[in-house]
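File shown: upload-v1.cif (mmCIF, C-alpha atoms (C1' of nucleotides)).
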data_protein
#
loop_
_atom_site.label_atom_id
_atom_site.label_comp_id
_atom_site.auth_asym_id
_atom_site.auth_seq_id
_atom_site.Cartn_x
_atom_site.Cartn_y
_atom_site.Cartn_z
CA MET A 1 -12.38 14.99 17.41
CA THR A 2 -12.14 18.73 16.89
CA PRO A 3 -12.93 20.26 13.51
CA ASP A 4 -9.32 21.37 13.16
CA LEU A 5 -8.06 17.87 13.64
CA LEU A 6 -10.60 16.43 11.26
CA THR A 7 -9.73 18.96 8.59
CA ALA A 8 -6.03 18.38 8.94
CA TRP A 9 -6.44 14.62 8.88
CA GLN A 10 -8.61 14.56 5.80
CA ALA A 11 -6.30 16.93 3.95
CA TYR A 12 -3.29 14.88 4.91
CA GLN A 13 -4.96 11.66 3.83
CA ARG A 14 -5.79 13.12 0.48
CA MET A 15 -2.24 14.32 -0.05
CA ARG A 16 -0.80 11.03 1.05
CA VAL A 17 -2.89 8.94 -1.29
CA LEU A 18 -2.59 11.18 -4.31
CA LEU A 19 1.05 12.16 -3.92
CA ASN A 20 2.21 8.65 -3.36
CA GLY A 21 0.10 7.25 -6.12
CA ARG A 22 1.49 9.80 -8.50
CA ILE A 23 5.12 9.30 -7.61
CA ASN A 24 4.83 5.52 -7.72
CA ARG A 25 3.15 5.64 -11.08
CA GLU A 26 5.76 7.96 -12.55
CA LEU A 27 8.58 5.89 -11.13
CA GLY A 28 7.11 2.64 -12.37
CA ARG A 29 6.37 3.96 -15.82
CA GLU A 30 9.74 5.62 -16.38
CA THR A 31 12.08 3.20 -14.66
CA GLY A 32 10.25 -0.05 -14.04
CA LEU A 33 10.94 0.18 -10.32
CA SER A 34 8.37 0.10 -7.56
CA GLU A 35 8.62 2.17 -4.43
CA ALA A 36 9.79 -0.91 -2.58
CA ASP A 37 12.52 -1.52 -5.15
CA TYR A 38 13.57 2.09 -4.94
CA ASP A 39 13.83 2.10 -1.17
CA ILE A 40 16.02 -0.99 -1.16
CA LEU A 41 18.29 0.15 -3.96
CA PHE A 42 18.60 3.64 -2.56
CA PHE A 43 19.65 2.29 0.80
CA LEU A 44 22.22 -0.01 -0.75
CA GLU A 45 23.61 2.74 -2.93
CA GLN A 46 23.90 5.20 -0.07
CA SER A 47 25.65 2.69 2.10
CA THR A 48 29.39 3.23 2.30
CA GLN A 49 30.10 -0.46 2.25
CA THR A 50 29.81 -2.54 -0.87
CA SER A 51 27.68 -5.09 0.95
CA VAL A 52 25.02 -4.77 3.63
CA ARG A 53 23.57 -7.26 6.04
CA SER A 54 19.86 -7.87 5.83
CA VAL A 55 19.36 -6.76 9.36
CA ALA A 56 20.77 -3.34 8.58
CA LEU A 57 18.26 -2.99 5.79
CA ARG A 58 15.45 -4.05 8.06
CA CYS A 59 16.51 -1.53 10.65
CA GLY A 60 17.13 1.32 8.27
CA LEU A 61 13.88 0.87 6.39
CA ALA A 62 11.77 -0.18 9.38
CA TRP A 63 10.37 -3.06 7.40
CA GLU A 64 9.02 -6.34 8.63
CA LYS A 65 11.32 -9.24 8.15
CA SER A 66 8.97 -11.21 5.94
CA ARG A 67 8.34 -8.22 3.74
CA LEU A 68 12.04 -7.74 3.27
CA SER A 69 12.59 -11.40 2.58
CA HIS A 70 9.92 -11.57 -0.12
CA GLN A 71 11.11 -8.34 -1.67
CA LEU A 72 14.75 -9.40 -1.78
CA ARG A 73 13.81 -12.72 -3.36
CA ARG A 74 11.90 -10.95 -6.13
CA MET A 75 14.69 -8.46 -6.67
CA GLU A 76 17.29 -11.18 -6.87
CA GLN A 77 15.20 -12.94 -9.49
CA ARG A 78 15.17 -9.74 -11.52
CA GLY A 79 18.92 -9.36 -11.16
CA LEU A 80 18.86 -6.09 -9.23
CA ILE A 81 20.72 -7.45 -6.22
CA GLU A 82 22.55 -10.60 -5.24
CA LYS A 83 22.65 -12.47 -1.99
CA ALA A 84 25.96 -13.60 -0.59
CA PRO A 85 26.34 -16.13 2.20
CA GLY A 86 25.84 -14.73 5.66
CA ALA A 87 22.68 -12.78 4.85
CA VAL A 88 24.69 -10.25 2.91
CA ILE A 89 23.13 -8.24 0.12
CA ARG A 90 24.96 -6.58 -2.74
CA LEU A 91 23.96 -4.31 -5.58
CA THR A 92 24.49 -5.72 -9.04
CA ASP A 93 25.66 -3.52 -11.91
CA LYS A 94 22.15 -3.62 -13.27
CA GLY A 95 20.76 -2.52 -9.91
CA ARG A 96 23.28 0.28 -9.71
CA ALA A 97 22.35 1.55 -13.14
CA GLN A 98 18.64 1.45 -12.42
CA ILE A 99 18.83 3.30 -9.14
CA ALA A 100 20.92 6.02 -10.75
CA ALA A 101 18.26 6.59 -13.39
CA ALA A 102 15.46 6.34 -10.88
CA ARG A 103 16.97 8.85 -8.51
CA ASP A 104 16.74 11.59 -11.10
CA CYS A 105 13.12 10.79 -11.79
CA HIS A 106 12.30 10.59 -8.12
CA GLU A 107 14.04 13.79 -7.13
CA ALA A 108 12.42 15.64 -9.98
CA ALA A 109 9.03 14.50 -8.75
CA VAL A 110 9.74 15.56 -5.18
CA GLN A 111 10.92 18.92 -6.42
CA ARG A 112 7.88 19.34 -8.63
CA TYR A 113 5.25 18.39 -6.09
CA LEU A 114 6.83 19.59 -2.87
CA GLY A 115 9.79 21.85 -3.50
CA ASP A 116 8.06 24.03 -6.05
CA VAL A 117 4.91 24.38 -4.00
CA LEU A 118 5.99 24.90 -0.41
CA THR A 119 7.88 27.74 1.21
CA ALA A 120 10.99 27.18 3.30
CA GLU A 121 8.88 27.69 6.42
CA GLN A 122 6.40 25.10 5.29
CA LEU A 123 9.13 22.59 4.56
CA ALA A 124 10.53 23.13 8.02
CA ALA A 125 7.09 22.81 9.55
CA LEU A 126 6.46 19.57 7.70
CA ALA A 127 9.73 18.14 8.94
CA THR A 128 8.96 19.17 12.51
CA ILE A 129 5.44 17.80 12.42
CA SER A 130 6.63 14.51 10.98
CA GLY A 131 9.34 14.22 13.58
CA GLN A 132 6.91 14.76 16.42
CA VAL A 133 4.44 12.22 15.13
CA VAL A 134 7.16 9.65 14.56
CA ALA A 135 8.47 10.23 18.06
CA ARG A 136 4.99 9.64 19.43
CA LEU A 137 4.68 6.42 17.48
CA HIS A 138 7.96 5.17 18.84
CA GLN A 139 7.18 6.04 22.39
CA ASP A 140 3.71 4.57 22.22
CA ALA A 141 4.37 1.06 21.01
CA PRO A 142 8.07 0.58 21.21
CA PRO A 143 8.63 -3.14 21.75
CA HIS A 144 10.19 -3.93 18.45
CA GLY A 145 7.36 -4.71 16.07
CA ASP A 146 7.02 -2.45 13.07
CA MET B 1 17.45 19.13 -4.28
CA THR B 2 18.09 21.46 -1.40
CA PRO B 3 18.89 20.08 2.05
CA ASP B 4 15.66 21.54 3.41
CA LEU B 5 13.62 19.72 0.86
CA LEU B 6 15.48 16.48 1.40
CA THR B 7 15.01 16.69 5.15
CA ALA B 8 11.33 17.43 4.87
CA TRP B 9 10.78 14.67 2.36
CA GLN B 10 12.55 12.04 4.38
CA ALA B 11 10.75 13.03 7.56
CA TYR B 12 7.43 12.98 5.78
CA GLN B 13 8.12 9.60 4.27
CA ARG B 14 8.97 8.17 7.64
CA MET B 15 5.80 9.55 9.18
CA ARG B 16 3.70 8.33 6.31
CA VAL B 17 4.98 4.78 6.46
CA LEU B 18 4.93 4.42 10.22
CA LEU B 19 1.71 6.27 10.92
CA ASN B 20 -0.22 4.46 8.29
CA GLY B 21 1.19 1.12 9.18
CA ARG B 22 0.25 1.67 12.77
CA ILE B 23 -3.29 2.81 12.13
CA ASN B 24 -3.95 0.03 9.65
CA ARG B 25 -2.62 -2.55 12.05
CA GLU B 26 -4.71 -1.26 14.95
CA LEU B 27 -7.78 -1.11 12.77
CA GLY B 28 -7.28 -4.59 11.45
CA ARG B 29 -6.56 -6.11 14.82
CA GLU B 30 -9.45 -4.50 16.64
CA THR B 31 -12.13 -4.52 13.96
CA GLY B 32 -11.06 -6.89 11.20
CA LEU B 33 -11.33 -4.10 8.63
CA SER B 34 -8.62 -2.94 6.26
CA GLU B 35 -8.11 0.66 5.27
CA ALA B 36 -9.83 -0.10 1.99
CA ASP B 37 -12.82 -1.59 3.80
CA TYR B 38 -12.95 1.40 6.08
CA ASP B 39 -12.90 3.92 3.25
CA ILE B 40 -15.76 2.21 1.47
CA LEU B 41 -17.92 1.71 4.54
CA PHE B 42 -17.28 5.23 5.76
CA PHE B 43 -18.36 6.67 2.45
CA LEU B 44 -21.51 4.57 2.38
CA GLU B 45 -22.39 5.47 5.94
CA GLN B 46 -21.86 9.20 5.40
CA SER B 47 -24.00 9.15 2.31
CA THR B 48 -27.46 10.52 2.86
CA GLN B 49 -29.02 7.97 0.56
CA THR B 50 -29.48 4.37 1.54
CA SER B 51 -27.87 3.22 -1.67
CA VAL B 52 -25.03 4.57 -3.75
CA ARG B 53 -24.01 3.98 -7.32
CA SER B 54 -20.58 2.54 -7.92
CA VAL B 55 -19.56 5.52 -9.94
CA ALA B 56 -20.19 7.84 -6.99
CA LEU B 57 -17.89 5.71 -4.90
CA ARG B 58 -15.22 5.79 -7.58
CA CYS B 59 -15.49 9.53 -7.81
CA GLY B 60 -15.59 10.22 -4.11
CA LEU B 61 -12.69 7.95 -3.28
CA ALA B 62 -10.68 8.66 -6.44
CA TRP B 63 -10.14 4.95 -6.95
CA GLU B 64 -9.51 3.05 -10.14
CA LYS B 65 -12.47 1.16 -11.41
CA SER B 66 -10.83 -2.23 -11.22
CA ARG B 67 -9.67 -1.60 -7.69
CA LEU B 68 -13.18 -0.75 -6.65
CA SER B 69 -14.61 -3.73 -8.43
CA HIS B 70 -12.26 -6.19 -6.74
CA GLN B 71 -12.78 -4.59 -3.37
CA LEU B 72 -16.57 -4.61 -3.64
CA ARG B 73 -16.54 -8.25 -4.66
CA ARG B 74 -14.49 -9.20 -1.59
CA MET B 75 -16.67 -7.11 0.68
CA GLU B 76 -19.84 -8.61 -0.70
CA GLN B 77 -18.43 -12.08 -0.05
CA ARG B 78 -17.82 -11.10 3.54
CA GLY B 79 -21.34 -9.73 3.88
CA LEU B 80 -20.35 -6.11 4.52
CA ILE B 81 -22.24 -4.74 1.53
CA GLU B 82 -24.68 -5.97 -1.05
CA LYS B 83 -24.96 -5.20 -4.72
CA ALA B 84 -28.35 -4.37 -6.16
CA PRO B 85 -29.08 -4.31 -9.87
CA GLY B 86 -27.99 -1.18 -11.66
CA ALA B 87 -24.52 -1.00 -10.07
CA VAL B 88 -26.04 0.05 -6.79
CA ILE B 89 -24.27 -0.65 -3.52
CA ARG B 90 -25.88 -0.88 -0.12
CA LEU B 91 -24.58 -1.28 3.41
CA THR B 92 -25.73 -4.43 5.16
CA ASP B 93 -26.55 -4.44 8.86
CA LYS B 94 -23.29 -6.20 9.48
CA GLY B 95 -21.42 -3.54 7.54
CA ARG B 96 -23.18 -0.80 9.43
CA ALA B 97 -22.25 -2.33 12.75
CA GLN B 98 -18.62 -2.78 11.79
CA ILE B 99 -18.11 0.73 10.53
CA ALA B 100 -19.59 2.15 13.72
CA ALA B 101 -17.11 0.21 15.82
CA ALA B 102 -14.25 1.02 13.50
CA ARG B 103 -14.92 4.73 13.52
CA ASP B 104 -14.29 4.92 17.25
CA CYS B 105 -11.05 3.03 16.92
CA HIS B 106 -9.94 5.13 13.98
CA GLU B 107 -10.75 8.46 15.55
CA ALA B 108 -9.02 7.47 18.75
CA ALA B 109 -5.90 6.67 16.78
CA VAL B 110 -5.96 9.96 14.92
CA GLN B 111 -6.40 11.79 18.19
CA ARG B 112 -3.58 9.87 19.83
CA TYR B 113 -1.03 10.23 17.06
CA LEU B 114 -1.93 13.62 15.64
CA GLY B 115 -4.28 15.53 17.91
CA ASP B 116 -2.33 14.91 21.07
CA VAL B 117 1.00 15.75 19.49
CA LEU B 118 0.46 18.78 17.29
CA THR B 119 -0.50 22.32 18.17
CA ALA B 120 -3.42 24.09 16.55
CA GLU B 121 -0.96 26.01 14.39
CA GLN B 122 0.68 22.81 13.27
CA LEU B 123 -2.65 21.25 12.38
CA ALA B 124 -3.53 24.29 10.33
CA ALA B 125 -0.13 24.22 8.66
CA LEU B 126 -0.52 20.56 7.80
CA ALA B 127 -3.91 21.18 6.25
CA THR B 128 -2.56 24.10 4.23
CA ILE B 129 0.48 22.19 3.04
CA SER B 130 -1.62 19.22 2.01
CA GLY B 131 -4.05 21.42 0.18
CA GLN B 132 -1.30 23.09 -1.80
CA VAL B 133 0.31 19.83 -2.79
CA VAL B 134 -3.01 18.33 -3.82
CA ALA B 135 -3.78 21.39 -5.88
CA ARG B 136 -0.46 21.01 -7.64
CA LEU B 137 -1.16 17.37 -8.37
CA HIS B 138 -4.51 18.21 -9.87
CA GLN B 139 -3.21 21.01 -12.02
CA ASP B 140 -0.29 18.94 -13.22
CA ALA B 141 -2.05 15.86 -14.55
CA PRO B 142 -5.69 16.65 -14.44
CA PRO B 143 -7.45 14.65 -17.17
CA HIS B 144 -9.16 12.20 -14.91
CA GLY B 145 -6.78 9.28 -14.62
CA ASP B 146 -5.45 8.58 -11.15
"C1'" DT C 1 25.34 -31.55 28.22
"C1'" DC C 2 21.11 -30.33 27.15
"C1'" DA C 3 16.82 -27.77 27.29
"C1'" DA C 4 14.35 -23.24 27.15
"C1'" DC C 5 14.80 -18.78 24.93
"C1'" DT C 6 15.85 -15.46 21.77
"C1'" DT C 7 16.58 -13.55 17.12
"C1'" DA C 8 17.42 -13.74 11.85
"C1'" DG C 9 15.53 -15.46 8.00
"C1'" DT C 10 12.28 -18.20 5.05
"C1'" DT C 11 7.89 -19.82 3.39
"C1'" DG C 12 2.77 -20.17 2.31
"C1'" DA C 13 -1.69 -18.18 2.58
"C1'" DT C 14 -4.43 -14.38 2.04
"C1'" DA C 15 -5.61 -9.65 1.03
"C1'" DC C 16 -4.74 -5.59 -1.64
"C1'" DA C 17 -3.23 -2.57 -5.89
"C1'" DT C 18 -2.41 -2.08 -10.68
"C1'" DC C 19 -2.47 -3.07 -15.50
"C1'" DA C 20 -4.38 -4.78 -19.67
"C1'" DA C 21 -7.98 -6.97 -21.89
"C1'" DC C 22 -12.51 -7.72 -22.15
"C1'" DC C 23 -18.09 -7.20 -22.04
"C1'" DC C 24 -22.07 -4.25 -22.15
"C1'" DC C 25 -24.85 -0.61 -23.38
"C1'" DG C 26 -26.39 3.78 -24.87
"C1'" DA C 27 -25.19 8.18 -27.76
"C1'" DG C 28 -24.21 9.83 -31.84
"C1'" DC C 29 -23.61 9.39 -36.97
"C1'" DT C 30 -24.48 7.58 -41.98
"C1'" DA D 1 -31.45 0.08 -39.55
"C1'" DG D 2 -26.40 -0.64 -38.70
"C1'" DC D 3 -21.92 1.66 -36.91
"C1'" DT D 4 -18.61 3.14 -34.15
"C1'" DC D 5 -17.12 4.94 -29.98
"C1'" DG D 6 -16.72 5.89 -25.24
"C1'" DG D 7 -17.64 4.95 -20.54
"C1'" DG D 8 -19.07 1.81 -16.67
"C1'" DG D 9 -18.03 -2.54 -14.96
"C1'" DT D 10 -15.71 -7.13 -14.72
"C1'" DT D 11 -11.91 -10.41 -14.92
"C1'" DG D 12 -7.10 -12.48 -14.80
"C1'" DA D 13 -2.28 -11.83 -14.15
"C1'" DT D 14 1.24 -9.94 -11.59
"C1'" DG D 15 3.48 -7.47 -7.91
"C1'" DT D 16 3.15 -6.11 -3.21
"C1'" DA D 17 2.03 -6.30 2.14
"C1'" DT D 18 0.89 -8.81 6.19
"C1'" DC D 19 0.31 -12.67 9.24
"C1'" DA D 20 1.38 -17.08 11.13
"C1'" DA D 21 4.15 -21.02 11.20
"C1'" DC D 22 8.44 -22.76 10.54
"C1'" DT D 23 13.89 -23.45 10.44
"C1'" DA D 24 18.33 -22.46 12.05
"C1'" DA D 25 21.83 -20.58 14.92
"C1'" DG D 26 23.49 -18.48 19.08
"C1'" DT D 27 22.59 -17.72 24.51
"C1'" DT D 28 21.61 -18.62 28.97
"C1'" DG D 29 21.24 -21.49 32.72
"C1'" DA D 30 19.96 -25.89 35.16
#

Written as structure tokens, how would this file's structure read?
Amino acid sequence: MTPDLLTAWQAYQRMRVLLNGRINRELGRETGLSEADYDILFFLEQSTQTSVRSVALRCGLAWEKSRLSHQLRRMEQRGLIEKAPGAVIRLTDKGRAQIAAARDCHEAAVQRYLGDVLTAEQLAALATISGQVVARLHQDAPPHGD
Amino acid sequence: MTPDLLTAWQAYQRMRVLLNGRINRELGRETGLSEADYDILFFLEQSTQTSVRSVALRCGLAWEKSRLSHQLRRMEQRGLIEKAPGAVIRLTDKGRAQIAAARDCHEAAVQRYLGDVLTAEQLAALATISGQVVARLHQDAPPHGD
DNA sequence: TCAACTTAGTTGATACATCAACCCCGAGCT
DNA sequence: AGCTCGGGGTTGATGTATCAACTAAGTTGA
């Protein structure tokens, strides 16, 4: 492991842990939603259709099936979504309201911690780097797992 | 939120989720250690002293106290560490053996998914970006919390 | 027709993360 | 002395993530 790689890895790890901790905490405190909640609601809201099949969620979020199942059960109990027959998921009015509020909070955080700090070149570099790593992950253990 | 920022954020998020999931899964499968276990054991092993006070762990890892307490309890039950009076933590032989094995696995993964994929410039850019974001996080909500 | 296979989804067990509430002890103050 | 106060550490409750085992429904093929 070269020093460059070690340095980059440790710096990345630190950013990952701190940045995500911070955003999750802000989101939870201000909106009562977890990151998992947010991801689900955001996907449903962005979707052009009014209802989405579970499998589309699983695909789009790259989640395990059991994780999704548990999460959807909890969210249904809280009234954020509803399940229709045929493994179809729909946003409730409450869910729609919460994601709208949360999006502002979330985008503000991303702007504050990334947008305000990085140059356009750095943003582009981050996107490129991420894309390359993700491509490597896909090529390396493709079957279907994660 | 500019398109550049959105793109970078989404790409980063995807990398973060997939890369970390993959590394954690490999680590768990091949060594039986979680990321949390690894962080603790790595810190203890790197430490020059044979024993470390809890508070040093909390500081070095930037963990919440309750998180550390729960984690140390579980690890003591599994025989990876032992607690001495005075909030002192020590690696057991078993713990020392496991972290040695895990380090190889972990470094191989980092090499495979980052080192083999990114150029030296990209590694440097990633380190710089991470450093800037972390600095922003510290300046923004410094007290001592997270 | 029926049996072996896939794939979507659920469930239960276990581990992990976070919050709030608590215990303990030593530093400072009256 | 007796006090409070703050920090280190623990605990319990709750939400979250992962794995393994299971159900159910559709496919293929003998």

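Our summary of the geometry notes that atom CA of Thr31 of chain A is positioned 6.0 Å from atom CA of Ala102 of chain A.
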
Tell me, counting all atoms listed in the file, for each residue of chain C within 9 Å of segment 6-12 of chain D, which pair of atoms is nearest and how far apart they are in Å to one decimal, in rows ordered by chain and increasing number, as a Markdown table.
| residue | atom | partner | partner_atom | distance |
| --- | --- | --- | --- | --- |
| C:DA21 | C1' | D:DT11 | C1' | 8.7 |
| C:DC22 | C1' | D:DT11 | C1' | 7.7 |
| C:DC23 | C1' | D:DT10 | C1' | 7.7 |
| C:DC24 | C1' | D:DG9 | C1' | 8.4 |

At a cut-off of 12 Å, can you tabulate as JSON lines every residue of chain A near chain D together with its closest atom pair and the distance in Å to one decimal, using all atoms listed in the file and ordering rows by chain then number?
{"residue": "A:Gly28", "atom": "CA", "partner": "D:DG15", "partner_atom": "C1'", "distance": 11.6}
{"residue": "A:Gly32", "atom": "CA", "partner": "D:DG15", "partner_atom": "C1'", "distance": 11.8}
{"residue": "A:Leu33", "atom": "CA", "partner": "D:DG15", "partner_atom": "C1'", "distance": 11.0}
{"residue": "A:Ser34", "atom": "CA", "partner": "D:DG15", "partner_atom": "C1'", "distance": 9.0}
{"residue": "A:Glu35", "atom": "CA", "partner": "D:DT16", "partner_atom": "C1'", "distance": 10.0}
{"residue": "A:Ala36", "atom": "CA", "partner": "D:DT16", "partner_atom": "C1'", "distance": 8.5}
{"residue": "A:Asp37", "atom": "CA", "partner": "D:DT16", "partner_atom": "C1'", "distance": 10.6}
{"residue": "A:Trp63", "atom": "CA", "partner": "D:DA17", "partner_atom": "C1'", "distance": 10.4}
{"residue": "A:Glu64", "atom": "CA", "partner": "D:DT18", "partner_atom": "C1'", "distance": 8.8}
{"residue": "A:Lys65", "atom": "CA", "partner": "D:DT18", "partner_atom": "C1'", "distance": 10.6}
{"residue": "A:Ser66", "atom": "CA", "partner": "D:DT18", "partner_atom": "C1'", "distance": 8.4}
{"residue": "A:Arg67", "atom": "CA", "partner": "D:DA17", "partner_atom": "C1'", "distance": 6.8}
{"residue": "A:Leu68", "atom": "CA", "partner": "D:DA17", "partner_atom": "C1'", "distance": 10.2}
{"residue": "A:Ser69", "atom": "CA", "partner": "D:DA17", "partner_atom": "C1'", "distance": 11.7}
{"residue": "A:His70", "atom": "CA", "partner": "D:DT16", "partner_atom": "C1'", "distance": 9.2}
{"residue": "A:Gln71", "atom": "CA", "partner": "D:DT16", "partner_atom": "C1'", "distance": 8.4}
{"residue": "A:Arg74", "atom": "CA", "partner": "D:DG15", "partner_atom": "C1'", "distance": 9.3}
{"residue": "A:Met75", "atom": "CA", "partner": "D:DG15", "partner_atom": "C1'", "distance": 11.3}
{"residue": "A:Gly86", "atom": "CA", "partner": "D:DA25", "partner_atom": "C1'", "distance": 11.7}
{"residue": "A:Asp146", "atom": "CA", "partner": "D:DT18", "partner_atom": "C1'", "distance": 11.2}

Which residues of chain C have any atom within 10 Å of an atom in chain B when counting only C-alpha atoms (C1' of nucleotides), and what is the closest pair of atoms for each, with the distance in Å to one decimal? Order the rows by chain and rising number and write it as a Markdown table.
| residue | atom | partner | partner_atom | distance |
| --- | --- | --- | --- | --- |
| C:DA15 | C1' | B:Ser34 | CA | 9.0 |
| C:DC16 | C1' | B:Gln71 | CA | 8.3 |
| C:DA17 | C1' | B:Arg67 | CA | 6.8 |
| C:DT18 | C1' | B:Arg67 | CA | 7.9 |
| C:DC19 | C1' | B:Ser66 | CA | 9.4 |

Chain and number of each residue from the PyMOL selection byres ((chain A) within 6 of (chain B)), as a tab-separated table (two decimals) with C-alpha atoms, in the frame of the given file:
chain	number	residue	atom	x	y	z
A	8	ALA	CA	-6.03	18.38	8.94
A	11	ALA	CA	-6.30	16.93	3.95
A	12	TYR	CA	-3.29	14.88	4.91
A	15	MET	CA	-2.24	14.32	-0.05
A	123	LEU	CA	9.13	22.59	4.56
A	127	ALA	CA	9.73	18.14	8.94
A	130	SER	CA	6.63	14.51	10.98
A	134	VAL	CA	7.16	9.65	14.56

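Our summary of the geometry notes that atom CA of Cys59 of chain B is positioned 15.9 Å from atom CA of Glu45 of chain B.
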
Distance of atom CA of Ile99 of chain A from atom CA of Leu41 of chain A, expressed in Å to one decimal place: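 We find that atom CA of Leu41 of chain A and atom CA of Ile99 of chain A lie 6.1 Å from each other.
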
Do you know which residues are at most 12 Å from Val52 of chain A counting only C-alpha atoms (C1' of nucleotides), after dropping those on the same chain fewer than 4 positions away, and could you put them as a list in words?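 Everything that qualifies: Ile40, Leu41, Phe43, Leu44, Glu45, Gln46, Ser47, Thr48, Ala56, Leu57, Arg58, Cys59, Gly60, Ile81, Glu82, Lys83, Ala84, Pro85, Gly86, Ala87, Val88, Ile89, Arg90 and Leu91 of chain A.
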
Provide segment 7-19 of chain B of the preceding structure as a file containing C-alpha atoms, as a JSON list (two decimals), in the first residue's frame.
[["chain", "number", "residue", "atom", "x", "y", "z"],
["B", 7, "THR", "CA", -24.02, 15.00, -10.09],
["B", 8, "ALA", "CA", -21.03, 14.91, -7.79],
["B", 9, "TRP", "CA", -23.17, 14.26, -4.75],
["B", 10, "GLN", "CA", -25.10, 11.43, -6.29],
["B", 11, "ALA", "CA", -21.94, 9.80, -7.62],
["B", 12, "TYR", "CA", -20.27, 10.13, -4.27],
["B", 13, "GLN", "CA", -23.25, 8.68, -2.48],
["B", 14, "ARG", "CA", -23.29, 5.70, -4.77],
["B", 15, "MET", "CA", -19.60, 5.07, -4.26],
["B", 16, "ARG", "CA", -19.90, 5.46, -0.53],
["B", 17, "VAL", "CA", -22.73, 3.00, -0.17],
["B", 18, "LEU", "CA", -21.37, 0.38, -2.54],
["B", 19, "LEU", "CA", -17.71, 0.61, -1.59]]
